[in-house]
Amino acid sequence: MLKSRGEKSIMLLINTELKPFRAKAFKPGSIDFVTLDSSEMKGKWSVFFFYPADFTYVCPTELEDLADNYEEFQSLGVEIYAVSTDSHFCHKAWYDSSETIKKINYTMVSDNTFEISRNFHVLREDEGRAERGTFIVDPDGVIKAMEITCEGVGRDAASLLRKVKAAQYIREYPDVVCPAKWEE
């Protein structure tokens, strides 16, 4: 385990299996809230996109960027799960009140029990919020890529798409690698 200045430990999660969880979520277009179960994710690619909080400044720019690229993720067989420690009610209220967030078609997961953030080692225990963490999970439920950035640094969906494509490529061709700046 590595220690940071804040005494937080960071465990390497690459090639580890997704830990089981159940959570309430808001899925745009659904009549009611949905229950997300990690066991239902087997057999498809998933991206877990943790962000600190609803109704903030950087988070909506990231979620909008994902929304703008969601069709391409879907064409690759990838489902996006935006996760924060806000409630599913808060996610819906944000969706209903923000033109930016209304662009979202992917699932917004409530981790108000902190279980998922702890599973992925991104929970700020002292604040009850998640770090900006992105995790690519393969159809076997194994984490293949991860990125964690500080709160003020937003992420880029195009970069994430490239990483997903690379992970899918090396899964299909296990004896091949994808060097820096690899493009399909």
# chains A, B, ... in the order shown; residues from 1 in each chain; ligands from 1
>>> select_by_dssp(residues="range 49-180 of chain A", states="strand (DSSP E or B)", output="PyMOL selection string")
chain A and resi 49-50+78-84+107-110+123-124+129-130+132-137+142-149
>>> select_by_dssp(residues="range 7-114 of chain A", states="helix (DSSP H, G or I)", output="ChimeraX atom specification")
/A:38-41,58-75,88-97,101-103
>>> write_last_selection(atoms="C-alpha atoms", output="tab-separated table (two decimals), in the first residue's frame")
chain	number	residue	atom	x	y	z
A	38	SER	CA	-22.84	-5.64	-9.33
A	39	SER	CA	-23.63	-9.24	-10.29
A	40	GLU	CA	-25.66	-7.93	-13.26
A	41	MET	CA	-22.52	-6.34	-14.77
A	58	VAL	CA	-16.10	20.64	-12.42
A	59	CYS	CA	-18.36	17.60	-12.08
A	60	PRO	CA	-21.05	18.73	-14.54
A	61	THR	CA	-18.41	19.45	-17.20
A	62	GLU	CA	-17.12	15.88	-16.89
A	63	LEU	CA	-20.58	14.32	-16.87
A	64	GLU	CA	-21.60	16.40	-19.90
A	65	ASP	CA	-18.47	15.27	-21.75
A	66	LEU	CA	-19.39	11.65	-21.01
A	67	ALA	CA	-22.96	12.32	-22.14
A	68	ASP	CA	-21.69	13.81	-25.41
A	69	ASN	CA	-19.68	10.61	-26.02
A	70	TYR	CA	-22.14	8.09	-24.55
A	71	GLU	CA	-23.27	6.75	-27.93
A	72	GLU	CA	-19.70	5.85	-28.81
A	73	PHE	CA	-19.23	4.07	-25.46
A	74	GLN	CA	-22.49	2.21	-26.13
A	75	SER	CA	-21.30	1.23	-29.63
A	88	HIS	CA	-30.48	9.00	-5.86
A	89	PHE	CA	-33.03	11.72	-5.01
A	90	CYS	CA	-30.27	14.34	-5.26
A	91	HIS	CA	-29.17	12.91	-8.63
A	92	LYS	CA	-32.73	13.26	-9.96
A	93	ALA	CA	-33.08	16.79	-8.58
A	94	TRP	CA	-29.82	17.78	-10.28
A	95	TYR	CA	-30.98	16.17	-13.53
A	96	ASP	CA	-34.32	17.97	-13.34
A	97	SER	CA	-32.75	21.37	-12.64
A	101	ILE	CA	-27.06	17.20	-16.59
A	102	LYS	CA	-30.26	16.64	-18.61
A	103	LYS	CA	-27.99	15.48	-21.45
>>> closest_residue(among="A:Glu184, A:Glu125, A:Asp86, A:Glu115", to="Arg162 in chain A", atoms="only C-alpha atoms")
A:Glu184
>>> residues_around(residues="range 77-85 of chain A", least_positions_apart="4", cutoff="9 Å", atoms="only C-alpha atoms", output="number ranges by chain")
A: 25, 41, 44-54, 63, 66, 70, 72-73, 91, 106-114, 116-117, 123, 128-130, 164
>>> write_last_selection(atoms="N, CA and C atoms", output="mmCIF file, in the first residue's frame")
data_model
loop_
_atom_site.group_PDB
_atom_site.id
_atom_site.type_symbol
_atom_site.label_atom_id
_atom_site.label_comp_id
_atom_site.auth_asym_id
_atom_site.auth_seq_id
_atom_site.Cartn_x
_atom_site.Cartn_y
_atom_site.Cartn_z
ATOM 1 N N ALA A 25 -30.143 3.899 -7.733
ATOM 2 C CA ALA A 25 -29.615 4.742 -8.801
ATOM 3 C C ALA A 25 -30.746 5.455 -9.521
ATOM 4 N N MET A 41 -23.489 -6.979 -13.865
ATOM 5 C CA MET A 41 -22.523 -6.340 -14.767
ATOM 6 C C MET A 41 -21.648 -7.339 -15.497
ATOM 7 N N LYS A 44 -20.408 -7.718 -19.698
ATOM 8 C CA LYS A 44 -20.297 -6.490 -20.481
ATOM 9 C C LYS A 44 -19.220 -5.597 -19.869
ATOM 10 N N TRP A 45 -18.741 -4.671 -20.657
ATOM 11 C CA TRP A 45 -17.752 -3.703 -20.197
ATOM 12 C C TRP A 45 -18.461 -2.612 -19.396
ATOM 13 N N SER A 46 -17.795 -2.128 -18.360
ATOM 14 C CA SER A 46 -18.356 -1.063 -17.528
ATOM 15 C C SER A 46 -17.290 -0.026 -17.232
ATOM 16 N N VAL A 47 -17.734 1.219 -17.103
ATOM 17 C CA VAL A 47 -16.873 2.287 -16.615
ATOM 18 C C VAL A 47 -17.546 2.862 -15.374
ATOM 19 N N PHE A 48 -16.814 2.855 -14.272
ATOM 20 C CA PHE A 48 -17.269 3.494 -13.039
ATOM 21 C C PHE A 48 -16.574 4.841 -12.968
ATOM 22 N N PHE A 49 -17.371 5.883 -12.930
ATOM 23 C CA PHE A 49 -16.876 7.254 -13.015
ATOM 24 C C PHE A 49 -17.277 7.974 -11.725
ATOM 25 N N PHE A 50 -16.383 7.941 -10.737
ATOM 26 C CA PHE A 50 -16.650 8.574 -9.442
ATOM 27 C C PHE A 50 -16.384 10.067 -9.528
ATOM 28 N N TYR A 51 -17.239 10.837 -8.880
ATOM 29 C CA TYR A 51 -17.057 12.287 -8.814
ATOM 30 C C TYR A 51 -17.473 12.759 -7.424
ATOM 31 N N PRO A 52 -16.934 13.902 -6.958
ATOM 32 C CA PRO A 52 -17.159 14.327 -5.568
ATOM 33 C C PRO A 52 -18.606 14.638 -5.192
ATOM 34 N N ALA A 53 -19.326 15.403 -5.997
ATOM 35 C CA ALA A 53 -20.670 15.806 -5.556
ATOM 36 C C ALA A 53 -21.493 16.402 -6.680
ATOM 37 N N ASP A 54 -22.811 16.265 -6.542
ATOM 38 C CA ASP A 54 -23.752 16.935 -7.431
ATOM 39 C C ASP A 54 -23.730 18.438 -7.129
ATOM 40 N N LEU A 63 -19.406 15.134 -16.570
ATOM 41 C CA LEU A 63 -20.578 14.321 -16.867
ATOM 42 C C LEU A 63 -21.183 14.687 -18.217
ATOM 43 N N LEU A 66 -19.008 13.059 -20.881
ATOM 44 C CA LEU A 66 -19.388 11.648 -21.009
ATOM 45 C C LEU A 66 -20.702 11.511 -21.776
ATOM 46 N N TYR A 70 -21.482 9.316 -25.030
ATOM 47 C CA TYR A 70 -22.139 8.095 -24.550
ATOM 48 C C TYR A 70 -22.479 7.126 -25.680
ATOM 49 N N GLU A 72 -20.895 6.581 -28.402
ATOM 50 C CA GLU A 72 -19.697 5.848 -28.809
ATOM 51 C C GLU A 72 -19.330 4.775 -27.785
ATOM 52 N N PHE A 73 -19.458 5.097 -26.493
ATOM 53 C CA PHE A 73 -19.231 4.074 -25.460
ATOM 54 C C PHE A 73 -20.205 2.915 -25.671
ATOM 55 N N HIS A 91 -29.511 13.074 -7.214
ATOM 56 C CA HIS A 91 -29.166 12.909 -8.635
ATOM 57 C C HIS A 91 -30.342 13.335 -9.520
ATOM 58 N N TYR A 106 -26.963 7.900 -19.134
ATOM 59 C CA TYR A 106 -26.394 6.786 -18.383
ATOM 60 C C TYR A 106 -26.851 6.833 -16.921
ATOM 61 N N THR A 107 -26.546 5.794 -16.176
ATOM 62 C CA THR A 107 -27.003 5.637 -14.793
ATOM 63 C C THR A 107 -26.165 6.471 -13.828
ATOM 64 N N MET A 108 -26.864 7.159 -12.923
ATOM 65 C CA MET A 108 -26.223 7.934 -11.863
ATOM 66 C C MET A 108 -26.458 7.181 -10.548
ATOM 67 N N VAL A 109 -25.390 6.628 -9.989
ATOM 68 C CA VAL A 109 -25.473 5.730 -8.841
ATOM 69 C C VAL A 109 -25.290 6.500 -7.539
ATOM 70 N N SER A 110 -26.150 6.191 -6.572
ATOM 71 C CA SER A 110 -26.008 6.755 -5.233
ATOM 72 C C SER A 110 -25.160 5.825 -4.380
ATOM 73 N N ASP A 111 -24.092 6.357 -3.863
ATOM 74 C CA ASP A 111 -23.250 5.597 -2.936
ATOM 75 C C ASP A 111 -23.312 6.259 -1.560
ATOM 76 N N ASN A 112 -24.536 6.537 -1.095
ATOM 77 C CA ASN A 112 -24.654 7.216 0.188
ATOM 78 C C ASN A 112 -24.355 6.302 1.380
ATOM 79 N N THR A 113 -24.112 5.025 1.130
ATOM 80 C CA THR A 113 -23.634 4.120 2.187
ATOM 81 C C THR A 113 -22.104 4.042 2.182
ATOM 82 N N PHE A 114 -21.476 4.603 1.158
ATOM 83 C CA PHE A 114 -20.018 4.630 0.959
ATOM 84 C C PHE A 114 -19.415 3.265 0.582
ATOM 85 N N ILE A 116 -19.493 1.439 -2.243
ATOM 86 C CA ILE A 116 -18.838 1.339 -3.551
ATOM 87 C C ILE A 116 -17.543 2.145 -3.547
ATOM 88 N N SER A 117 -17.581 3.347 -3.002
ATOM 89 C CA SER A 117 -16.366 4.177 -2.925
ATOM 90 C C SER A 117 -15.281 3.489 -2.104
ATOM 91 N N LEU A 123 -12.899 6.697 -1.391
ATOM 92 C CA LEU A 123 -13.682 7.464 -0.426
ATOM 93 C C LEU A 123 -12.782 8.354 0.424
ATOM 94 N N GLY A 128 -16.767 12.140 3.500
ATOM 95 C CA GLY A 128 -17.900 11.391 2.973
ATOM 96 C C GLY A 128 -18.131 11.622 1.489
ATOM 97 N N ARG A 129 -17.064 11.961 0.769
ATOM 98 C CA ARG A 129 -17.145 12.177 -0.677
ATOM 99 C C ARG A 129 -16.093 11.325 -1.373
ATOM 100 N N ALA A 130 -16.327 11.081 -2.651
ATOM 101 C CA ALA A 130 -15.390 10.285 -3.444
ATOM 102 C C ALA A 130 -14.387 11.187 -4.148
ATOM 103 N N VAL A 164 -10.480 2.545 -23.134
ATOM 104 C CA VAL A 164 -11.441 1.440 -23.267
ATOM 105 C C VAL A 164 -11.130 0.628 -24.520
#
>>> atom_distance(atom1="CA of Ile14 in chain A", atom2="CA of Gly152 in chain A")
24.3 Å
>>> atom_distance(atom1="CA of Lys42 in chain A", atom2="CA of Pro139 in chain A")
5.2 Å
>>> atom_distance(atom1="CA of Ser159 in chain A", atom2="CA of Leu76 in chain A")
14.6 Å
>>> closest_residue(among="A:Gly141, A:Tyr57, A:Asp126, A:Tyr169", to="Gly154 in chain A", atoms="only C-alpha atoms")
A:Tyr57
